[in-house]
Amino acid sequence: MSSTPGLDVLHWRIMRNVDHPEAALGPNREIREAARCVQCGKCSSGCPVAFESVHTPRQVMRFLQWGWAQEAATSPFVWLCAECQACTVRCPRGIDVAETMLALRRLARRKSWVRPDHFHEALEAMISKKGRVEELRLGVMAALSKWPRHPLEDLLLFVKMLRRGRLK
Amino acid sequence: MEKVVPKIGIFVRDPGGRMAASLDLPGMLKRLGKAKNVTRVCLLADLAGNASLSSVAEGIRNGEYDRVLWVGRFNTEQQKAVEGYLEGFGLNKYLHMWCDIEEQGALNQKVASEVREKKALRLIQMALARTRLLEPLAPLEIPAVDAAMVVGGGIAGLQTALSLVELGKKVHLVEKESGVGGKVAALHRFYPRLCDPLCGLQFVVDRLRASDRIHFHTLSQVVSIDGGPGRFQVRISRRPRFVDLQRCNACGECVEACPVEIPRTPEYGAFGSWAPLEGAPRKAIGPACPMSFPTAFVVQREHCAPGCKECEIACPAGAVNLEETATHEDVEVGAIFVTTGWDPYPLSRVEEFGYGLYPRVLSNLEMERLLGGDLPPLDEVGFIQCVGSRDERHLHYCSTVCCSATLKQIRFLKDRMPHVRCYVFYQDIRSPGFQEELYQEVKALEGVIFVRGTPSTVRPDGDSGRLMVRAEDTLSGKEIRLALDLLVLAGGMVPSRGTEELAQVLNLPRNRWGFFEAHLQCHPEESQRTGIYVGGCSREPMNVSQSIDSAHRAAMEGLAFLSGTVLVSPTYPLVDKTKCDKCKRCMEECPFAAFHFDREGFPEPDLAKCRQCGNCVGICPLAAVSLRHMTIKQIAAQVQEAAASFLPEGEPQVLAFLCQNDAYHAARAAVEQGLPVPPNVIFVKVPCAGYVNNALIADALAFGIDGVLIAGCQDGQCHYVTGNQLVRKRSDDLSDKLQKMMIERDRVRFVNLEIRDSVGYVELTRSFVEELMAMGPNPFKL
């Protein structure tokens with residue numbers, strides 16, 4: 001017997017991609033692993049950052065079980081994760097939770113669900129171009145790439161950092 | 001030996017004239033009458049009145065025929081009645097052959113009448129071919145000893161022994177420790193009735209003690225086993241007790257005299273020293289453990305001071321003998337019951353909870369001891385569930401008792417200290433059946449909080465000695481931080497220490513977690529070694545009441561080997577020594593390890609162990625093994641008869657070997673339901689798909705049959721463990737053989753078929769026939 005979902009449910013299903021969670025999750029092996037999670041919460045219990053975030057790693061795993069890849073990948077937790085691997089070591093199901101968080105970050109970037117800020121964009125550009133980081137140039141590029149620019153504030157900060165020996 | 005020419009009487013029964021309606025019955029009877037060895041053909045009116053049966057009996061009495069082929073549909077009751085009646089006239093039960101042409105679809109009106117006639121004749125000819133080769137057989141009676149052996153004296157072992165003793169059997173109970181009782185003796189209370197387990201144990205022990213049929217072997221182990229079901233010869237080795245069982249009356253003089261004090265440690269788990277333990281320090285001599293039964297004391301010689309003989313001097317009964325040495329005893333038993341039980345999973349392996357590191361972290365067994373004695377001052381107590389269980393890094397399975405055990409402990413803790421706050425960290429609470437009541441009762445207690453979430457680590461809280469636990473309450477998503485006075489870990493169950501050794505001695509297969517392998521469903525207590533039964537936690541984690549249940553079931557299942565004689569149906573395998581080249585394959589493939597070498601080095605089945613599945617018949621590369629009453633020769637004769645064509649030219653002919661447990665029933669049901677079964681198929685019923693020897697398949701193809709179908713059970717469902725998979729294993733051999741014969745590999749197909757899957761059977765045969773049609777006729781076809 002198949003039940004016919006009401007219109008609102010149908011809409012929700014399409015939005016969440018519940019019927020095709022795989023399509024929403026992409027080909028990531030780590031993300032698919034979430035299906036094996038038993039929601040014991042051991043990952044959150046040992047996590048040094050979980051309770052600073054809106055969600056805990058367990059909740060992120062739950063989102064993935066529903067196929068809510070975007071919710072998961074844009075959860076602040078994914079970006080706060082310190083990759084300390086405490087969750088991976090303790091997981092009774094043997095899921096690599098820390099790796100799942102990294103996979104979610106990659107997914108979010110690939111799907112443009114998140115945009116790096118001006119500083120990181122500059123950093124990324126510099127590394128991919130030259131393979132190393134020059135602090136002074138990075139500072140200037142970051143200052144120039146943001147909008148609206150604050151040249152005076154940045155200059156003051158520059159002087160302050162020079163004086164404290166934070167820039168060479 | 002004089003060759004006996006068989007004389008066959010064929011009796012056709014056609015109530016309601018169904019056969020006559022679709023076949024030319026008089027013509028067929030005339031043809032059958034001309035067949036070789038047939039001395040009489042007769043159409044029976046009815047079975048109900050004995051008039052027709054007595055006419056059959058008349059023919060047997062005056063020697064007209066010495067075996068009977070019955071054609072038509074007879075149900076089991078009718079078959080039994082006929083067999084019983086004619087046995088009185090000297091016709092052996094195994095000289096009857098029953099041929100139901102209807103179940104093969106020979107009466108199907110939708111099929112062309114020519115095909116129908118020919119197929120019916122083929123089926124009767126096949127049965128006739130086998131009838132010629134039938135032999136009179138009689139069931140065997142193997143003498144059996146009416147004594148049993150129970151290995152392991154825990155609650156399951158005691159209950160098995162009690163069950164058997166009350167049924168009048170002798171029982172040898174072998175226990176590794178100095179006293180019986182096992183793990184249950186160490187418990188404070190057991191659910192569901194929440195009474196003291198010692199009471200239950202004492203009750204059993206007292207009833208056993210009253211019987212003169214029980215023999216306790218304490219401090220003993222099984223070291224070797226020989227013989228088979230009904231007559232196992234077992235050697236038991238016994239470690240010295242140093243105290244005479246007959247003379248010691250447990251007066252305690254020796255304990256007072258003993259100068260050695262052994263610090264008390266909890267019985268289970270090396271740690272937990274924080275828990276105060278009741279009683280005076282133990283001495284090197286003292287009562288038996290875990291239960292003080294047998295009453296005689298025992299000396300722990302490894303603790304004795306060198307040269308000390310204080311106890312020997314002090315004993316007023318002269319029972320102590322410190323020079324005693326290990327002995328052994330040989331006993332003969334009919335069946336063996338293994339109830340070796342369990343051990344707690346070593347919790348120090350679950351590093352994150354600091355068991356063995358922090359004195360306030362206890363295992364649930366230590367908590368039982370604590371509840372039985374004085375409780376230290378407590379305010380906040382935590383319980384962590386599934387420690388080690390349901391964990392890929394530790395035990396993959398659920399240990400089933402820990403949830404209810406924790407609920408029980410909380411109930412008693414709250415009884416004694418109502419102010420204590422209890423926190424249960426769980427993943428799922430598993431309290432099946434009526435245990436749900438206990439869960440609801442405990443849940444409603446004030447100050448008991450169930451936290452759905454598992455902590456990740458435990459840390460000491462500064463110098464206070466308390467424990468800091470942090471967890472996510474997954475139901476609210478909130479962080480929980482607690483400072484606890486005591487943390488109880490609900491650890492899992494593993495098979496007991498001696499399990500591996502005993503498995504080697506008894507040659508018992510174990511599953512991947514180390515528990516003894518059993519069918520678990522149809523015969524839960526039967527191990528894969530006939531005559532050996534497994535009960536209690538040695539088979540699967542279970543609680544006390546389930547263990548007792550399992551113990552009694554084991555005793556019932558094993559009773560067959562304890563009743564003086566073991567009755568063996570005469571359809572057992574025989575090895576033809578003129579053909580056998582001692583390759584041992586039958587020995588290796590036998591799922592029940594029933595074969596052993598006879599004096600000349602030929603494999604010989606132990607008839608009491610054998611379950612007559614015929615896998616040895618199937619595996620033999622020389623077709624030297626045969627099941628009696630279903631010999632290779634009989635089946636080969638049937639195959640040869642089946643090969644003659646009954647179909648119009650160009651139609652492929654299929655021979656199917658169907659497992660009698662399910663595929664056969666599926667095929668029968670397909671015809672009965674009127675499904676469009678292709679008429680091209682003739683089937684032969686076999687005891688197990690593993691029975692089908694490659695020689696039979698090659699025979700069938702060589703005689704010109706276009707395709708061979710073998711249908712067995714689904715994987716993992718075979719009653720003979722792996723019979724269905726063994727066929728597939730042999731398919732490589734078969735491929736070589738077929739290649740040599742220049743026959744396509746696809747002409748032989750192996751399938752799994754479930755008992756209800758009649759639709760599947762029809763689809764299968766149809767597609768197979770279509771495929772064969774495309775392949776063209778068998779090159780061997782005449």
# chains A, B, ... in the order shown; residues from 1 in each chain; ligands from 1
>>> residues_around(residues="stretch 626-633 of chain B", least_positions_apart="6", cutoff="10 Å", atoms="only C-alpha atoms", output="ChimeraX atom specification")
/B:94-95,129-130,133-137,569-576,612-618,620,639,686-687,691-693,695-696
>>> write_last_selection(atoms="N, CA and C atoms", output="compact mmCIF listing (two decimals), in the first residue's frame")
# COMPACT_ATOMS: atom_id res chain seq x y z
N TYR B 94 9.88 -51.00 2.96
CA TYR B 94 10.71 -50.30 1.97
C TYR B 94 10.59 -50.91 0.58
N LEU B 95 9.62 -51.82 0.39
CA LEU B 95 9.40 -52.38 -0.95
C LEU B 95 8.16 -51.78 -1.61
N ALA B 129 11.45 -48.30 -12.68
CA ALA B 129 12.90 -48.56 -12.72
C ALA B 129 13.46 -48.58 -11.31
N ARG B 130 12.94 -47.68 -10.48
CA ARG B 130 13.46 -47.65 -9.12
C ARG B 130 12.90 -48.81 -8.31
N LEU B 133 14.87 -51.91 -8.22
CA LEU B 133 16.11 -51.91 -7.42
C LEU B 133 15.87 -51.79 -5.93
N LEU B 134 14.60 -51.78 -5.50
CA LEU B 134 14.33 -51.62 -4.07
C LEU B 134 14.80 -52.84 -3.29
N GLU B 135 15.21 -52.57 -2.06
CA GLU B 135 15.65 -53.67 -1.19
C GLU B 135 14.86 -53.61 0.10
N PRO B 136 14.61 -54.77 0.70
CA PRO B 136 13.96 -54.74 2.02
C PRO B 136 14.93 -54.21 3.06
N LEU B 137 14.47 -53.32 3.91
CA LEU B 137 15.33 -52.71 4.92
C LEU B 137 14.62 -52.74 6.27
N SER B 569 16.80 -44.69 11.24
CA SER B 569 16.08 -45.07 10.03
C SER B 569 17.08 -45.73 9.07
N PRO B 570 16.66 -46.79 8.36
CA PRO B 570 17.64 -47.54 7.57
C PRO B 570 18.11 -46.83 6.32
N THR B 571 17.71 -45.59 6.14
CA THR B 571 18.10 -44.89 4.91
C THR B 571 19.43 -44.17 5.07
N TYR B 572 20.34 -44.80 5.75
CA TYR B 572 21.64 -44.17 6.01
C TYR B 572 22.62 -44.42 4.86
N PRO B 573 23.73 -43.68 4.79
CA PRO B 573 24.68 -43.87 3.70
C PRO B 573 25.54 -45.11 3.89
N LEU B 574 25.90 -45.71 2.76
CA LEU B 574 26.82 -46.85 2.77
C LEU B 574 27.96 -46.54 1.81
N VAL B 575 29.16 -46.93 2.19
CA VAL B 575 30.31 -46.70 1.31
C VAL B 575 30.64 -48.01 0.60
N ASP B 576 30.70 -47.95 -0.73
CA ASP B 576 31.05 -49.13 -1.51
C ASP B 576 32.58 -49.26 -1.51
N GLN B 612 21.45 -38.10 7.57
CA GLN B 612 20.96 -38.66 6.32
C GLN B 612 20.59 -37.60 5.28
N CYS B 613 21.45 -36.59 5.15
CA CYS B 613 21.19 -35.54 4.18
C CYS B 613 21.70 -35.91 2.80
N GLY B 614 22.65 -36.84 2.75
CA GLY B 614 23.16 -37.28 1.46
C GLY B 614 24.20 -36.37 0.84
N ASN B 615 24.76 -35.47 1.60
CA ASN B 615 25.81 -34.63 1.03
C ASN B 615 27.06 -35.44 0.69
N CYS B 616 27.27 -36.54 1.42
CA CYS B 616 28.40 -37.42 1.11
C CYS B 616 28.19 -38.09 -0.24
N VAL B 617 26.93 -38.41 -0.55
CA VAL B 617 26.61 -39.03 -1.84
C VAL B 617 26.97 -38.07 -2.96
N GLY B 618 26.62 -36.80 -2.73
CA GLY B 618 26.84 -35.80 -3.77
C GLY B 618 28.30 -35.52 -4.01
N CYS B 620 30.99 -37.47 -3.53
CA CYS B 620 31.91 -38.55 -3.89
C CYS B 620 32.24 -38.52 -5.38
N VAL B 639 16.88 -41.62 -13.93
CA VAL B 639 17.36 -40.62 -14.88
C VAL B 639 17.33 -41.19 -16.29
N VAL B 686 14.96 -35.11 -3.99
CA VAL B 686 16.18 -35.55 -3.30
C VAL B 686 16.17 -35.00 -1.87
N PRO B 687 16.88 -35.65 -0.95
CA PRO B 687 16.83 -35.19 0.45
C PRO B 687 17.44 -33.81 0.64
N TYR B 691 22.79 -33.63 -2.37
CA TYR B 691 22.78 -35.06 -2.70
C TYR B 691 23.17 -35.29 -4.16
N VAL B 692 22.89 -34.31 -5.02
CA VAL B 692 23.01 -34.52 -6.46
C VAL B 692 24.47 -34.66 -6.87
N ASN B 693 24.83 -35.85 -7.22
CA ASN B 693 26.20 -36.13 -7.62
C ASN B 693 26.40 -35.66 -9.06
N ALA B 695 27.94 -37.11 -11.25
CA ALA B 695 27.78 -38.25 -12.16
C ALA B 695 26.33 -38.34 -12.65
N LEU B 696 25.39 -38.01 -11.75
CA LEU B 696 23.98 -38.05 -12.15
C LEU B 696 23.68 -37.00 -13.21
>>> select_by_dssp(residues="stretch 459-561 of chain B", states="helix (DSSP H, G or I)", output="number ranges by chain")
B: 499-506, 536-538, 544-561
>>> interface_residues(of="chain B", to="chain A", cutoff="7 Å", atoms="only C-alpha atoms", output="ChimeraX atom specification")
/B:391-393,427,453-457,470-472,474,479
>>> residues_around(residues="A:Met101", least_positions_apart="4", cutoff="8 Å", atoms="only C-alpha atoms", output="VMD selection string")
chain A and resid 73 78 81 97 105
>>> select_by_dssp(residues="stretch 534-732 of chain B", states="strand (DSSP E or B)", output="VMD selection string")
chain B and resid 534 565 to 568 573 to 575 595 to 597 603 to 605 625 to 627 630 654 to 659 681 to 686 707 to 712
>>> residues_around(residues="B:Ser464", least_positions_apart="4", cutoff="12 Å", atoms="only C-alpha atoms", output="PDB file with all heavy atoms, in the first residue's frame")
ATOM      1  N   ARG B 360      36.339   4.575  41.411  1.00  0.00           N
ATOM      2  CA  ARG B 360      34.886   4.740  41.495  1.00  0.00           C
ATOM      3  C   ARG B 360      34.159   4.280  40.241  1.00  0.00           C
ATOM      4  O   ARG B 360      32.965   4.484  40.098  1.00  0.00           O
ATOM      5  CB  ARG B 360      34.542   6.194  41.770  1.00  0.00           C
ATOM      6  CG  ARG B 360      34.956   6.571  43.164  1.00  0.00           C
ATOM      7  CD  ARG B 360      34.457   7.918  43.524  1.00  0.00           C
ATOM      8  NE  ARG B 360      34.895   8.258  44.856  1.00  0.00           N
ATOM      9  CZ  ARG B 360      34.144   8.920  45.715  1.00  0.00           C
ATOM     10  NH1 ARG B 360      32.947   9.304  45.380  1.00  0.00           N
ATOM     11  NH2 ARG B 360      34.598   9.201  46.903  1.00  0.00           N
ATOM     12  N   ARG B 459      36.446  11.802  33.593  1.00  0.00           N
ATOM     13  CA  ARG B 459      37.628  12.422  34.192  1.00  0.00           C
ATOM     14  C   ARG B 459      37.416  12.575  35.685  1.00  0.00           C
ATOM     15  O   ARG B 459      36.293  12.775  36.121  1.00  0.00           O
ATOM     16  CB  ARG B 459      37.848  13.822  33.605  1.00  0.00           C
ATOM     17  CG  ARG B 459      38.399  13.825  32.226  1.00  0.00           C
ATOM     18  CD  ARG B 459      38.534  15.261  31.729  1.00  0.00           C
ATOM     19  NE  ARG B 459      38.178  15.342  30.325  1.00  0.00           N
ATOM     20  CZ  ARG B 459      38.921  14.824  29.358  1.00  0.00           C
ATOM     21  NH1 ARG B 459      40.036  14.203  29.634  1.00  0.00           N
ATOM     22  NH2 ARG B 459      38.541  14.921  28.095  1.00  0.00           N
ATOM     23  N   PRO B 460      38.510  12.508  36.457  1.00  0.00           N
ATOM     24  CA  PRO B 460      38.358  12.776  37.889  1.00  0.00           C
ATOM     25  C   PRO B 460      38.089  14.270  38.098  1.00  0.00           C
ATOM     26  O   PRO B 460      38.618  15.110  37.375  1.00  0.00           O
ATOM     27  CB  PRO B 460      39.695  12.363  38.482  1.00  0.00           C
ATOM     28  CG  PRO B 460      40.658  12.373  37.351  1.00  0.00           C
ATOM     29  CD  PRO B 460      39.887  12.171  36.085  1.00  0.00           C
ATOM     30  N   MET B 468      33.857  13.295  36.707  1.00  0.00           N
ATOM     31  CA  MET B 468      33.178  14.253  35.834  1.00  0.00           C
ATOM     32  C   MET B 468      32.770  13.539  34.558  1.00  0.00           C
ATOM     33  O   MET B 468      33.604  12.920  33.903  1.00  0.00           O
ATOM     34  CB  MET B 468      34.121  15.398  35.450  1.00  0.00           C
ATOM     35  CG  MET B 468      34.238  16.491  36.483  1.00  0.00           C
ATOM     36  SD  MET B 468      32.657  17.256  36.845  1.00  0.00           S
ATOM     37  CE  MET B 468      32.153  17.816  35.220  1.00  0.00           C
ATOM     38  N   ALA B 483      28.787  15.581  38.044  1.00  0.00           N
ATOM     39  CA  ALA B 483      29.836  15.075  38.930  1.00  0.00           C
ATOM     40  C   ALA B 483      29.226  13.890  39.669  1.00  0.00           C
ATOM     41  O   ALA B 483      28.208  14.018  40.340  1.00  0.00           O
ATOM     42  CB  ALA B 483      30.273  16.149  39.906  1.00  0.00           C
ATOM     43  N   LEU B 484      29.820  12.698  39.514  1.00  0.00           N
ATOM     44  CA  LEU B 484      29.218  11.479  40.049  1.00  0.00           C
ATOM     45  C   LEU B 484      30.072  10.887  41.162  1.00  0.00           C
ATOM     46  O   LEU B 484      31.293  10.989  41.136  1.00  0.00           O
ATOM     47  CB  LEU B 484      29.080  10.441  38.931  1.00  0.00           C
ATOM     48  CG  LEU B 484      28.251  10.851  37.719  1.00  0.00           C
ATOM     49  CD1 LEU B 484      28.402   9.814  36.627  1.00  0.00           C
ATOM     50  CD2 LEU B 484      26.796  11.027  38.097  1.00  0.00           C
ATOM     51  N   ASP B 485      29.388  10.246  42.117  1.00  0.00           N
ATOM     52  CA  ASP B 485      30.119   9.535  43.167  1.00  0.00           C
ATOM     53  C   ASP B 485      30.521   8.147  42.695  1.00  0.00           C
ATOM     54  O   ASP B 485      31.466   7.556  43.184  1.00  0.00           O
ATOM     55  CB  ASP B 485      29.236   9.372  44.406  1.00  0.00           C
ATOM     56  CG  ASP B 485      28.882  10.717  44.980  1.00  0.00           C
ATOM     57  OD1 ASP B 485      29.821  11.506  45.223  1.00  0.00           O
ATOM     58  OD2 ASP B 485      27.682  10.997  45.158  1.00  0.00           O
TER      59      ASP B 485
END
>>> residues_around(residues="stretch 174-179 of chain B", least_positions_apart="2", cutoff="6 Å", atoms="only C-alpha atoms", output="PyMOL selection string")
chain B and resi 151-153+217-221+288-294
>>> write_last_selection(atoms="all heavy atoms", output="mmCIF file, in the first residue's frame")
data_model
loop_
_atom_site.group_PDB
_atom_site.id
_atom_site.type_symbol
_atom_site.label_atom_id
_atom_site.label_comp_id
_atom_site.auth_asym_id
_atom_site.auth_seq_id
_atom_site.Cartn_x
_atom_site.Cartn_y
_atom_site.Cartn_z
ATOM 1 N N VAL B 151 28.349 -30.275 30.945
ATOM 2 C CA VAL B 151 29.610 -29.571 31.155
ATOM 3 C C VAL B 151 29.301 -28.142 31.561
ATOM 4 O O VAL B 151 28.763 -27.372 30.775
ATOM 5 C CB VAL B 151 30.473 -29.591 29.877
ATOM 6 C CG1 VAL B 151 31.844 -29.018 30.158
ATOM 7 C CG2 VAL B 151 30.593 -30.998 29.340
ATOM 8 N N GLY B 152 29.633 -27.790 32.785
ATOM 9 C CA GLY B 152 29.361 -26.450 33.290
ATOM 10 C C GLY B 152 28.265 -26.506 34.331
ATOM 11 O O GLY B 152 27.161 -26.968 34.058
ATOM 12 N N GLY B 153 28.591 -26.052 35.538
ATOM 13 C CA GLY B 153 27.637 -26.180 36.641
ATOM 14 C C GLY B 153 26.995 -24.877 37.041
ATOM 15 O O GLY B 153 26.718 -24.648 38.212
ATOM 16 N N HIS B 217 31.247 -33.685 39.398
ATOM 17 C CA HIS B 217 32.708 -33.704 39.216
ATOM 18 C C HIS B 217 33.170 -32.254 39.314
ATOM 19 O O HIS B 217 33.125 -31.528 38.329
ATOM 20 C CB HIS B 217 33.087 -34.243 37.834
ATOM 21 C CG HIS B 217 32.610 -35.630 37.577
ATOM 22 N ND1 HIS B 217 33.419 -36.730 37.706
ATOM 23 C CD2 HIS B 217 31.400 -36.100 37.198
ATOM 24 C CE1 HIS B 217 32.727 -37.817 37.412
ATOM 25 N NE2 HIS B 217 31.509 -37.466 37.096
ATOM 26 N N THR B 218 33.581 -31.820 40.484
ATOM 27 C CA THR B 218 34.048 -30.435 40.594
ATOM 28 C C THR B 218 35.548 -30.389 40.347
ATOM 29 O O THR B 218 36.222 -31.419 40.387
ATOM 30 C CB THR B 218 33.742 -29.861 41.982
ATOM 31 O OG1 THR B 218 34.106 -30.828 42.951
ATOM 32 C CG2 THR B 218 32.273 -29.536 42.126
ATOM 33 N N LEU B 219 36.071 -29.190 40.114
ATOM 34 C CA LEU B 219 37.477 -28.971 39.782
ATOM 35 C C LEU B 219 37.884 -29.853 38.610
ATOM 36 O O LEU B 219 39.010 -30.307 38.519
ATOM 37 C CB LEU B 219 38.367 -29.263 41.000
ATOM 38 C CG LEU B 219 38.252 -28.286 42.169
ATOM 39 C CD1 LEU B 219 38.899 -28.872 43.410
ATOM 40 C CD2 LEU B 219 38.890 -26.955 41.833
ATOM 41 N N SER B 220 36.941 -30.096 37.711
ATOM 42 C CA SER B 220 37.185 -31.073 36.649
ATOM 43 C C SER B 220 37.019 -30.460 35.268
ATOM 44 O O SER B 220 36.384 -29.422 35.102
ATOM 45 C CB SER B 220 36.226 -32.247 36.775
ATOM 46 O OG SER B 220 36.398 -32.879 37.989
ATOM 47 N N GLN B 221 37.603 -31.145 34.311
ATOM 48 C CA GLN B 221 37.523 -30.691 32.932
ATOM 49 C C GLN B 221 37.406 -31.896 32.013
ATOM 50 O O GLN B 221 37.947 -32.963 32.325
ATOM 51 C CB GLN B 221 38.794 -29.936 32.565
ATOM 52 C CG GLN B 221 38.641 -28.440 32.593
ATOM 53 C CD GLN B 221 39.972 -27.769 32.386
ATOM 54 O OE1 GLN B 221 40.924 -28.066 33.087
ATOM 55 N NE2 GLN B 221 40.039 -26.887 31.423
ATOM 56 N N ALA B 288 33.772 -24.044 49.202
ATOM 57 C CA ALA B 288 33.834 -24.029 47.749
ATOM 58 C C ALA B 288 33.223 -22.740 47.209
ATOM 59 O O ALA B 288 32.450 -22.075 47.880
ATOM 60 C CB ALA B 288 33.087 -25.237 47.196
ATOM 61 N N CYS B 289 33.586 -22.410 46.026
ATOM 62 C CA CYS B 289 33.173 -21.168 45.386
ATOM 63 C C CYS B 289 32.700 -21.507 43.974
ATOM 64 O O CYS B 289 33.226 -22.425 43.390
ATOM 65 C CB CYS B 289 34.373 -20.232 45.358
ATOM 66 S SG CYS B 289 33.971 -18.572 44.932
ATOM 67 N N PRO B 290 31.753 -20.820 43.396
ATOM 68 C CA PRO B 290 30.937 -19.690 43.856
ATOM 69 C C PRO B 290 29.881 -20.080 44.903
ATOM 70 O O PRO B 290 29.546 -19.260 45.749
ATOM 71 C CB PRO B 290 30.239 -19.208 42.595
ATOM 72 C CG PRO B 290 30.863 -19.918 41.461
ATOM 73 C CD PRO B 290 31.490 -21.138 41.980
ATOM 74 N N MET B 291 29.343 -21.302 44.866
ATOM 75 C CA MET B 291 28.388 -21.702 45.888
ATOM 76 C C MET B 291 29.076 -22.730 46.760
ATOM 77 O O MET B 291 29.887 -23.512 46.260
ATOM 78 C CB MET B 291 27.181 -22.378 45.226
ATOM 79 C CG MET B 291 25.911 -21.614 45.276
ATOM 80 S SD MET B 291 24.647 -22.603 44.493
ATOM 81 C CE MET B 291 23.777 -23.196 45.904
ATOM 82 N N SER B 292 28.748 -22.762 48.042
ATOM 83 C CA SER B 292 29.438 -23.733 48.877
ATOM 84 C C SER B 292 28.787 -25.104 48.750
ATOM 85 O O SER B 292 28.335 -25.704 49.699
ATOM 86 C CB SER B 292 29.438 -23.271 50.326
ATOM 87 O OG SER B 292 28.122 -22.959 50.697
ATOM 88 N N PHE B 293 28.705 -25.546 47.538
ATOM 89 C CA PHE B 293 28.273 -26.904 47.270
ATOM 90 C C PHE B 293 29.154 -27.479 46.187
ATOM 91 O O PHE B 293 29.325 -26.836 45.169
ATOM 92 C CB PHE B 293 26.804 -26.970 46.827
ATOM 93 C CG PHE B 293 26.372 -28.382 46.598
ATOM 94 C CD1 PHE B 293 25.987 -29.182 47.657
ATOM 95 C CD2 PHE B 293 26.425 -28.942 45.322
ATOM 96 C CE1 PHE B 293 25.637 -30.502 47.442
ATOM 97 C CE2 PHE B 293 26.064 -30.251 45.123
ATOM 98 C CZ PHE B 293 25.676 -31.038 46.179
ATOM 99 N N PRO B 294 29.781 -28.615 46.325
ATOM 100 C CA PRO B 294 29.720 -29.552 47.449
ATOM 101 C C PRO B 294 30.191 -28.920 48.765
ATOM 102 O O PRO B 294 31.031 -28.025 48.738
ATOM 103 C CB PRO B 294 30.660 -30.675 47.025
ATOM 104 C CG PRO B 294 30.935 -30.459 45.586
ATOM 105 C CD PRO B 294 30.675 -29.048 45.266
#
>>> residues_around(residues="B:Phe597", least_positions_apart="3", cutoff="12 Å", atoms="only C-alpha atoms", output="PyMOL selection string")
chain B and resi 575+582-584+586-587+593-594+600-606
>>> atom_distance(atom1="atom CA of B:Arg282", atom2="atom CA of B:Arg301")
13.4 Å
